[in-house]
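Trainee: Input: one structure, supplied below.
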There are 2 protein chains.
Amino acid sequence: MSKSDTVSTQSETIKDDKKLYVIKIGGNVIDNSENLYKFLKDFTALPGYKILVHGGGKVATQLSETLGIEPKLVDGRRITDIETLRVVTMVYGGLINKNIVAQLQRNGNNAIGLTGADGDFIRTKKRPVKTIDYGFVGDIDENSINPQSISNLMEARFTPVFCAITHDGDGQLLNTNADTIASAIAVALAKLYETTLIYCFEKKGVLKDINDEHSLIKDIDPLKYEDLKTQQIIHSGMLPKLDNAFTAISSGVKAVIIGHSDDLGKLKHNQPFGTRLSKSL
Amino acid sequence: MSKSDTVSTQSETIKDDKKLYVIKIGGNVIDNSENLYKFLKDFTALPGYKILVHGGGKVATQLSETLGIEPKLVDGRRITDIETLRVVTMVYGGLINKNIVAQLQRNGNNAIGLTGADGDFIRTKKRPVKTIDYGFVGDIDENSINPQSISNLMEARFTPVFCAITHDGDGQLLNTNADTIASAIAVALAKLYETTLIYCFEKKGVLKDINDEHSLIKDIDPLKYEDLKTQQIIHSGMLPKLDNAFTAISSGVKAVIIGHSDDLGKLKHNQPFGTRLSKSL
C-alpha cells in the first residue's frame, strides 16, 4: 500500500494557512541538560504546528558499555545487532523520549512521544545485506511516512516527538537515522503544511571556517551551494546534511535552517538564525 | 485545574453506542512471548474502542541486576529510587511498550504507545513521605486522568497502549501501579463510553480453591462478594484487586472481568470468560 495515496488533492488549499516546523535536535543538545531545557522552552514558545525529532546522545553508548555490549563499526558505520537494538529502544524510545515529553508538558506543550511503530507513522525496510550486514537498521523510502495519520494526531492537538526508532510493519523495530527521519517527515508533511525543516546542533550553522563561529554563511540557494562546493568551502562532514536539505527543498519543503539549538528562540521574533537554505535567495 | 471539568454533559447520549474495553495484562503474560502474541491477536480482534495497559515483567528486574542496582523493598513494597525509575522508564516505556506496539501494528491494530506524560493523559502526585519514602512513585487521584484527551486520541483512530509510568506535570516521571492505572482510566472513560475493565493474568479468574483451575467463580456482585469474604473463600492476594474492581463498578464502569489472558478471544464471540464482577447478577 502506498501511504501517500491517502493525501487528498485539496492539500494546496489546506497548506496556505498551516505552518509547520519539523525540528531535529542532535545528541550534543540532549547530552547537555541546560541546553536541552532552554531548547525545549524555545520549542514550546514557537507558534503553529511543530514536530520534534531527536537523536541519541551518549546515554546509549554508556549503557551498552555497562552491559558489556561491544560497539560494532564497519567502515565507520554503526552496526545495530539485536542487543544494540534493545539498548536504543530503551534509551531513545524510553528514557530520552519520555523525559523530553515530561519537560515539554511542564512547559505547557501537549507533547506525545513516538517511535515510527506508533500509529504506523514511519514504516521502513530492513537494510538488505550486500557486502555489509548493518543489522536492525531501517531505510526510509518514499512510502515510509504516513502524513495524513501524523496530521490527524496534530489536528487532535498533540505535538509529535519522534525518536530514531521505526518498524517494518511486521513486528520488527528498526534503528533509523534521525536526520533522515526529520527530512522524510518534512517532505511528506509538505503536502499538507507550509513546512520548514530545522536542524539544531552545537554550531552556529554552516561555517566558512569550521573553527570560526563568526564565519556563518547566512543563506544558501542551489546555485551558491554549487559554488561553495567548487571552492571547497563546505567541509565534507556537512555535505550529506546539505545534500539532504536541498533534496527536501526540491520535494516541497519551503526552507531548511541549520543552526545552534540555543538560537531557536529567535524564530519566534521572526529573527533569522543559522544558515537558511531555500530555492532562491 | 480539574481535568474532568472538560467532560461535557452530553456524555450520557454519547455513551450508548460506544463500547470501550480497558484491558490490563500483567508481567506473567509479558514474560511469555507465546502467550503475549496470542493475547495481542485476540486484543486486535475485539470490536469497538480498546485501551491496553501493561505492567512490567522480569526484564526490569534483570536489567537492574545486571546494572548492579539493588532492589529496595520496605514492608514488601518496592521503593523506586532514581536509578530504578531510569530502568523502568527504559524497560516499560521503551522496550516492552514499543515491542507491544510493533506487534499490534503487525496485526493491523493502529496502536500508539504511551506513558502518562504523553498527552498529559495521567498526571499523578509523588507519594508524600510519611514513615516510608517510596521514592519516585506517583499516586492517582480523581483528577489524574484526562478522559477527553484520551477520547480525542481514540476518535482520531489510535489505540492507546499505556505502560506504568506517569508524570507530575512538573517534568518528573513517576512509577505508578498498572492495575490502578487501568482502573482509573476505566472510571474516567466511563463518563464517555460504556466501559468494561478486564484484568488478564495467568489464572482462569477468581478461584474458590487457588490450586484448582476448575473452581472458577463465574459471577460476583457486591452481595456475593461480602458473602465470599465472610466465608474466607477469597484469598488475601485477591482482595485489593476485587475491592478496586467494585470501586470501579460503583463509579460507573459497567463490569470488571478477571481472567486468563489466553481466554480473551472468547469475548469476540460473546462467550463469557473468567470472573465477571458487576452491580447485580
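For the C-alpha cells, the naming scheme is as follows: chains receive sequential letters (A, B, ...) according to their order of presentation, residues are indexed from 1 within each chain, and ligands are indexed from 1 in presentation order.
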I need the contact residues of chain A against chain B, so if you could list those with any atom within 7 Å, counting only C-alpha atoms, and return them as an MDAnalysis selection string, that would help.
Mentor: chainID A and resid 86 89:91 93:95 101:103 105:106 110:113 117:120 152:153 156 158 167 169:173
Trainee: Present chain B as an mmCIF file with C-alpha atoms, in the first residue's frame, least-squares fitted onto chain A over all of its C-alpha atoms paired in order.
Mentor:
data_model
loop_
_atom_site.group_PDB
_atom_site.id
_atom_site.type_symbol
_atom_site.label_atom_id
_atom_site.label_comp_id
_atom_site.auth_asym_id
_atom_site.auth_seq_id
_atom_site.Cartn_x
_atom_site.Cartn_y
_atom_site.Cartn_z
ATOM 1 C CA MET B 1 0.079 -0.065 -0.012
ATOM 2 C CA SER B 2 1.294 3.409 -0.806
ATOM 3 C CA LYS B 3 0.515 5.522 2.238
ATOM 4 C CA SER B 4 0.819 8.821 0.371
ATOM 5 C CA ASP B 5 -2.283 7.860 -1.630
ATOM 6 C CA THR B 6 -4.416 8.964 1.290
ATOM 7 C CA VAL B 7 -3.349 12.593 0.913
ATOM 8 C CA SER B 8 -6.236 14.444 -0.658
ATOM 9 C CA THR B 9 -5.874 16.750 -3.626
ATOM 10 C CA GLN B 10 -7.265 19.594 -1.510
ATOM 11 C CA SER B 11 -3.886 19.838 0.178
ATOM 12 C CA GLU B 12 -2.854 22.985 -1.731
ATOM 13 C CA THR B 13 -5.734 24.918 -0.215
ATOM 14 C CA ILE B 14 -5.167 23.478 3.258
ATOM 15 C CA LYS B 15 -1.483 24.414 3.074
ATOM 16 C CA ASP B 16 -1.700 28.188 2.906
ATOM 17 C CA ASP B 17 -2.671 28.909 6.481
ATOM 18 C CA LYS B 18 -0.896 25.993 8.132
ATOM 19 C CA LYS B 19 2.734 26.506 8.980
ATOM 20 C CA LEU B 20 4.702 23.548 10.305
ATOM 21 C CA TYR B 21 8.180 23.357 11.804
ATOM 22 C CA VAL B 22 9.920 19.982 11.800
ATOM 23 C CA ILE B 23 12.844 20.360 14.198
ATOM 24 C CA LYS B 24 15.645 17.879 14.780
ATOM 25 C CA ILE B 25 18.012 18.026 17.759
ATOM 26 C CA GLY B 26 21.218 16.035 17.872
ATOM 27 C CA GLY B 27 22.941 14.103 20.606
ATOM 28 C CA ASN B 28 25.077 17.045 21.752
ATOM 29 C CA VAL B 29 21.974 19.022 22.712
ATOM 30 C CA ILE B 30 20.469 16.038 24.530
ATOM 31 C CA ASP B 31 23.674 15.385 26.486
ATOM 32 C CA ASN B 32 23.671 18.911 27.948
ATOM 33 C CA SER B 33 20.594 19.262 30.165
ATOM 34 C CA GLU B 34 20.891 23.069 30.377
ATOM 35 C CA ASN B 35 20.971 23.417 26.567
ATOM 36 C CA LEU B 36 18.158 20.901 26.276
ATOM 37 C CA TYR B 37 15.838 22.699 28.722
ATOM 38 C CA LYS B 38 16.425 26.062 27.039
ATOM 39 C CA PHE B 39 15.792 24.491 23.661
ATOM 40 C CA LEU B 40 12.565 22.830 24.850
ATOM 41 C CA LYS B 41 11.280 26.149 26.216
ATOM 42 C CA ASP B 42 12.010 27.863 22.891
ATOM 43 C CA PHE B 43 10.404 24.947 21.042
ATOM 44 C CA THR B 44 7.262 25.335 23.175
ATOM 45 C CA ALA B 45 7.121 29.083 22.488
ATOM 46 C CA LEU B 46 7.137 28.657 18.701
ATOM 47 C CA PRO B 47 3.723 29.306 17.142
ATOM 48 C CA GLY B 48 1.997 26.888 14.757
ATOM 49 C CA TYR B 49 2.304 23.166 14.207
ATOM 50 C CA LYS B 50 5.518 21.544 15.399
ATOM 51 C CA ILE B 51 7.173 18.139 15.238
ATOM 52 C CA LEU B 52 10.318 17.302 17.214
ATOM 53 C CA VAL B 53 12.767 14.593 16.118
ATOM 54 C CA HIS B 54 15.617 13.648 18.437
ATOM 55 C CA GLY B 55 18.764 11.595 18.099
ATOM 56 C CA GLY B 56 20.568 9.576 20.705
ATOM 57 C CA GLY B 57 23.388 11.000 22.724
ATOM 58 C CA LYS B 58 25.931 9.433 24.990
ATOM 59 C CA VAL B 59 23.496 7.510 27.207
ATOM 60 C CA ALA B 60 23.002 4.636 24.756
ATOM 61 C CA THR B 61 26.765 4.216 24.360
ATOM 62 C CA GLN B 62 27.255 4.351 28.124
ATOM 63 C CA LEU B 63 24.512 1.779 28.754
ATOM 64 C CA SER B 64 25.947 -0.514 26.067
ATOM 65 C CA GLU B 65 29.372 -0.272 27.710
ATOM 66 C CA THR B 66 27.938 -1.022 31.155
ATOM 67 C CA LEU B 67 26.102 -4.036 29.732
ATOM 68 C CA GLY B 68 29.299 -5.219 28.043
ATOM 69 C CA ILE B 69 27.947 -4.831 24.512
ATOM 70 C CA GLU B 70 30.883 -4.100 22.202
ATOM 71 C CA PRO B 71 30.154 -1.299 19.706
ATOM 72 C CA LYS B 72 30.344 -2.748 16.209
ATOM 73 C CA LEU B 73 31.493 -0.445 13.430
ATOM 74 C CA VAL B 74 32.089 -1.291 9.773
ATOM 75 C CA ASP B 75 33.592 1.472 7.588
ATOM 76 C CA GLY B 76 32.844 3.925 10.402
ATOM 77 C CA ARG B 77 29.158 3.007 10.406
ATOM 78 C CA ARG B 78 27.488 1.534 13.422
ATOM 79 C CA ILE B 79 26.055 -1.957 13.158
ATOM 80 C CA THR B 80 22.800 -2.488 15.030
ATOM 81 C CA ASP B 81 22.817 -6.027 16.367
ATOM 82 C CA ILE B 82 19.878 -7.334 18.411
ATOM 83 C CA GLU B 83 21.462 -6.303 21.734
ATOM 84 C CA THR B 84 22.140 -2.778 20.449
ATOM 85 C CA LEU B 85 18.571 -2.535 19.136
ATOM 86 C CA ARG B 86 17.301 -3.379 22.633
ATOM 87 C CA VAL B 87 19.511 -0.665 24.120
ATOM 88 C CA VAL B 88 18.441 2.043 21.658
ATOM 89 C CA THR B 89 14.774 1.058 22.033
ATOM 90 C CA MET B 90 15.153 1.513 25.803
ATOM 91 C CA VAL B 91 17.236 4.689 25.686
ATOM 92 C CA TYR B 92 15.832 6.537 22.668
ATOM 93 C CA GLY B 93 12.232 5.298 22.894
ATOM 94 C CA GLY B 94 12.027 5.209 26.697
ATOM 95 C CA LEU B 95 14.497 7.271 28.698
ATOM 96 C CA ILE B 96 15.242 10.210 26.374
ATOM 97 C CA ASN B 97 11.903 10.418 24.592
ATOM 98 C CA LYS B 98 9.739 10.290 27.727
ATOM 99 C CA ASN B 99 11.901 12.748 29.656
ATOM 100 C CA ILE B 100 11.672 15.211 26.748
ATOM 101 C CA VAL B 101 7.893 14.721 26.718
ATOM 102 C CA ALA B 102 7.669 15.329 30.496
ATOM 103 C CA GLN B 103 9.689 18.549 30.112
ATOM 104 C CA LEU B 104 7.530 19.744 27.218
ATOM 105 C CA GLN B 105 4.380 19.030 29.227
ATOM 106 C CA ARG B 106 5.852 21.059 32.082
ATOM 107 C CA ASN B 107 6.202 23.932 29.588
ATOM 108 C CA GLY B 108 2.564 23.552 28.555
ATOM 109 C CA ASN B 109 3.259 21.832 25.239
ATOM 110 C CA ASN B 110 0.952 18.846 24.711
ATOM 111 C CA ALA B 111 3.715 16.527 23.521
ATOM 112 C CA ILE B 112 3.316 12.849 22.726
ATOM 113 C CA GLY B 113 6.422 10.670 22.409
ATOM 114 C CA LEU B 114 6.655 8.285 19.477
ATOM 115 C CA THR B 115 8.608 5.734 17.539
ATOM 116 C CA GLY B 116 7.757 5.062 13.917
ATOM 117 C CA ALA B 117 5.855 1.943 15.076
ATOM 118 C CA ASP B 118 3.359 4.088 16.991
ATOM 119 C CA GLY B 119 0.432 4.959 14.740
ATOM 120 C CA ASP B 120 2.357 3.189 11.918
ATOM 121 C CA PHE B 121 3.802 6.665 11.307
ATOM 122 C CA ILE B 122 7.158 5.530 9.883
ATOM 123 C CA ARG B 123 7.396 2.139 8.234
ATOM 124 C CA THR B 124 10.867 1.289 6.929
ATOM 125 C CA LYS B 125 12.603 -1.640 5.234
ATOM 126 C CA LYS B 126 15.402 -3.545 6.930
ATOM 127 C CA ARG B 127 18.546 -2.666 5.007
ATOM 128 C CA PRO B 128 19.359 -5.542 2.620
ATOM 129 C CA VAL B 129 22.643 -7.349 3.259
ATOM 130 C CA LYS B 130 25.076 -6.683 0.407
ATOM 131 C CA THR B 131 28.728 -6.586 1.419
ATOM 132 C CA ILE B 132 27.887 -5.365 4.936
ATOM 133 C CA ASP B 133 25.117 -6.567 7.255
ATOM 134 C CA TYR B 134 24.062 -3.411 9.109
ATOM 135 C CA GLY B 135 21.753 -5.437 11.327
ATOM 136 C CA PHE B 136 18.457 -3.948 12.522
ATOM 137 C CA VAL B 137 18.628 -0.720 10.527
ATOM 138 C CA GLY B 138 15.533 0.542 8.719
ATOM 139 C CA ASP B 139 15.782 2.509 5.488
ATOM 140 C CA ILE B 140 13.170 5.109 4.649
ATOM 141 C CA ASP B 141 11.631 5.193 1.183
ATOM 142 C CA GLU B 142 9.001 7.421 -0.446
ATOM 143 C CA ASN B 143 6.141 5.448 1.121
ATOM 144 C CA SER B 144 7.561 5.269 4.655
ATOM 145 C CA ILE B 145 5.791 8.248 6.173
ATOM 146 C CA ASN B 146 2.050 8.394 6.742
ATOM 147 C CA PRO B 147 1.419 12.175 6.486
ATOM 148 C CA GLN B 148 -2.354 12.028 6.943
ATOM 149 C CA SER B 149 -2.029 10.000 10.125
ATOM 150 C CA ILE B 150 0.601 12.372 11.595
ATOM 151 C CA SER B 151 -1.655 15.262 10.597
ATOM 152 C CA ASN B 152 -4.608 13.610 12.378
ATOM 153 C CA LEU B 153 -2.540 13.485 15.549
ATOM 154 C CA MET B 154 -1.584 17.165 15.266
ATOM 155 C CA GLU B 155 -5.156 18.207 14.463
ATOM 156 C CA ALA B 156 -6.185 16.395 17.676
ATOM 157 C CA ARG B 157 -3.879 18.949 19.386
ATOM 158 C CA PHE B 158 -0.874 16.772 20.116
ATOM 159 C CA THR B 159 2.764 17.652 19.352
ATOM 160 C CA PRO B 160 4.587 14.594 17.970
ATOM 161 C CA VAL B 161 8.059 13.883 19.406
ATOM 162 C CA PHE B 162 9.850 11.199 17.375
ATOM 163 C CA CYS B 163 12.904 9.202 18.371
ATOM 164 C CA ALA B 164 15.109 7.387 15.872
ATOM 165 C CA ILE B 165 13.268 4.045 16.014
ATOM 166 C CA THR B 166 10.982 2.825 13.229
ATOM 167 C CA HIS B 167 9.344 -0.516 12.373
ATOM 168 C CA ASP B 168 8.901 -2.788 9.354
ATOM 169 C CA GLY B 169 5.152 -3.324 9.760
ATOM 170 C CA ASP B 170 5.809 -6.982 10.497
ATOM 171 C CA GLY B 171 6.535 -6.634 14.218
ATOM 172 C CA GLN B 172 10.217 -5.706 13.982
ATOM 173 C CA LEU B 173 11.550 -2.447 15.435
ATOM 174 C CA LEU B 174 14.444 -0.898 13.485
ATOM 175 C CA ASN B 175 17.064 1.810 14.064
ATOM 176 C CA THR B 176 16.844 4.713 11.607
ATOM 177 C CA ASN B 177 18.968 7.855 11.287
ATOM 178 C CA ALA B 178 17.250 10.820 12.978
ATOM 179 C CA ASP B 179 18.367 13.351 10.303
ATOM 180 C CA THR B 180 16.761 11.179 7.641
ATOM 181 C CA ILE B 181 13.573 10.792 9.689
ATOM 182 C CA ALA B 182 13.295 14.581 10.109
ATOM 183 C CA SER B 183 13.837 15.197 6.408
ATOM 184 C CA ALA B 184 11.373 12.488 5.329
ATOM 185 C CA ILE B 185 8.689 13.770 7.718
ATOM 186 C CA ALA B 186 9.171 17.326 6.427
ATOM 187 C CA VAL B 187 8.872 16.200 2.783
ATOM 188 C CA ALA B 188 5.770 14.088 3.484
ATOM 189 C CA LEU B 189 4.044 16.800 5.550
ATOM 190 C CA ALA B 190 4.912 19.495 2.958
ATOM 191 C CA LYS B 191 1.908 18.149 1.023
ATOM 192 C CA LEU B 192 -0.362 19.341 3.843
ATOM 193 C CA TYR B 193 1.511 22.205 5.549
ATOM 194 C CA GLU B 194 3.888 25.026 4.653
ATOM 195 C CA THR B 195 6.871 23.216 6.115
ATOM 196 C CA THR B 196 10.240 24.446 7.408
ATOM 197 C CA LEU B 197 12.827 21.840 8.418
ATOM 198 C CA ILE B 198 15.289 22.861 11.139
ATOM 199 C CA TYR B 199 18.446 21.020 12.193
ATOM 200 C CA CYS B 200 19.629 22.204 15.610
ATOM 201 C CA PHE B 201 23.137 21.299 16.703
ATOM 202 C CA GLU B 202 26.093 22.780 18.619
ATOM 203 C CA LYS B 203 27.376 25.113 15.856
ATOM 204 C CA LYS B 204 26.000 28.461 14.640
ATOM 205 C CA GLY B 205 25.226 26.923 11.239
ATOM 206 C CA VAL B 206 27.226 26.255 8.082
ATOM 207 C CA LEU B 207 30.595 27.974 8.641
ATOM 208 C CA LYS B 208 33.140 29.097 6.051
ATOM 209 C CA ASP B 209 35.827 28.265 8.610
ATOM 210 C CA ILE B 210 34.808 25.446 10.933
ATOM 211 C CA ASN B 211 36.925 26.959 13.740
ATOM 212 C CA ASP B 212 35.376 30.418 13.451
ATOM 213 C CA GLU B 213 31.782 30.806 14.698
ATOM 214 C CA HIS B 214 31.739 34.284 13.107
ATOM 215 C CA SER B 215 32.157 32.843 9.624
ATOM 216 C CA LEU B 216 28.480 31.836 9.364
ATOM 217 C CA ILE B 217 27.022 31.562 5.880
ATOM 218 C CA LYS B 218 23.544 33.009 6.355
ATOM 219 C CA ASP B 219 21.840 31.932 3.135
ATOM 220 C CA ILE B 220 22.464 29.259 0.552
ATOM 221 C CA ASP B 221 20.472 28.515 -2.590
ATOM 222 C CA PRO B 222 21.271 25.671 -5.021
ATOM 223 C CA LEU B 223 23.486 27.922 -7.222
ATOM 224 C CA LYS B 224 25.510 29.223 -4.263
ATOM 225 C CA TYR B 225 25.757 25.644 -2.947
ATOM 226 C CA GLU B 226 27.412 24.499 -6.190
ATOM 227 C CA ASP B 227 29.766 27.462 -5.941
ATOM 228 C CA LEU B 228 30.690 26.701 -2.285
ATOM 229 C CA LYS B 229 31.334 23.070 -3.177
ATOM 230 C CA THR B 230 33.543 24.032 -6.159
ATOM 231 C CA GLN B 231 35.553 26.357 -3.905
ATOM 232 C CA GLN B 232 35.740 23.526 -1.327
ATOM 233 C CA ILE B 233 34.513 25.938 1.365
ATOM 234 C CA ILE B 234 31.997 23.445 2.728
ATOM 235 C CA HIS B 235 33.753 20.707 4.653
ATOM 236 C CA SER B 236 33.008 17.088 3.929
ATOM 237 C CA GLY B 237 31.048 16.356 7.134
ATOM 238 C CA MET B 238 28.446 18.940 6.134
ATOM 239 C CA LEU B 239 27.897 17.630 2.590
ATOM 240 C CA PRO B 240 25.405 14.811 3.337
ATOM 241 C CA LYS B 241 23.334 17.166 5.557
ATOM 242 C CA LEU B 242 23.217 19.830 2.832
ATOM 243 C CA ASP B 243 22.532 17.379 0.007
ATOM 244 C CA ASN B 244 19.717 15.999 2.125
ATOM 245 C CA ALA B 245 18.423 19.532 2.771
ATOM 246 C CA PHE B 246 18.330 20.521 -0.905
ATOM 247 C CA THR B 247 16.586 17.254 -1.763
ATOM 248 C CA ALA B 248 13.931 18.169 0.832
ATOM 249 C CA ILE B 249 13.588 21.646 -0.691
ATOM 250 C CA SER B 250 13.210 20.290 -4.228
ATOM 251 C CA SER B 251 10.514 17.974 -2.805
ATOM 252 C CA GLY B 252 8.300 20.752 -1.468
ATOM 253 C CA VAL B 253 9.847 21.839 1.860
ATOM 254 C CA LYS B 254 9.873 25.651 1.933
ATOM 255 C CA ALA B 255 13.222 26.118 3.684
ATOM 256 C CA VAL B 256 15.802 24.274 5.755
ATOM 257 C CA ILE B 257 17.577 26.005 8.639
ATOM 258 C CA ILE B 258 20.793 24.609 10.117
ATOM 259 C CA GLY B 259 21.725 26.366 13.365
ATOM 260 C CA HIS B 260 22.572 26.306 17.058
ATOM 261 C CA SER B 261 19.941 24.913 19.419
ATOM 262 C CA ASP B 262 20.425 28.000 21.632
ATOM 263 C CA ASP B 263 19.251 30.274 18.813
ATOM 264 C CA LEU B 264 15.874 28.633 18.115
ATOM 265 C CA GLY B 265 14.148 31.320 20.231
ATOM 266 C CA LYS B 266 14.936 33.930 17.565
ATOM 267 C CA LEU B 267 12.418 32.334 15.211
ATOM 268 C CA LYS B 268 9.535 33.378 17.455
ATOM 269 C CA HIS B 269 10.563 37.009 16.947
ATOM 270 C CA ASN B 270 10.963 36.472 13.197
ATOM 271 C CA GLN B 271 14.718 36.972 13.554
ATOM 272 C CA PRO B 272 16.870 34.857 11.261
ATOM 273 C CA PHE B 273 19.277 32.357 12.790
ATOM 274 C CA GLY B 274 21.769 29.828 11.477
ATOM 275 C CA THR B 275 22.094 29.040 7.801
ATOM 276 C CA ARG B 276 18.919 29.197 5.772
ATOM 277 C CA LEU B 277 18.698 27.022 2.689
ATOM 278 C CA SER B 278 15.977 27.705 0.158
ATOM 279 C CA LYS B 279 15.136 27.512 -3.538
ATOM 280 C CA SER B 280 16.250 31.093 -4.174
ATOM 281 C CA LEU B 281 17.920 33.827 -2.114
#
Trainee: Residues of segment 66-185 of chain A classed as strand (DSSP E or B) by DSSP on the backbone are to be reported as a list in words.
Mentor: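 Strand (DSSP E or B) members of segment 66-185 of chain A, listed: Leu73, Val74, Arg77, Arg78, Thr80, Ala111, Ile112, Gly113, Leu114, Ile122, Arg123, Lys125, Lys126, Gly135, Val137, Gly138, Asp139, Ile145, Thr159, Pro160, Val161, Phe162, Ile165, Thr166, His167, Leu173, Leu174 and Asn175 of chain A.
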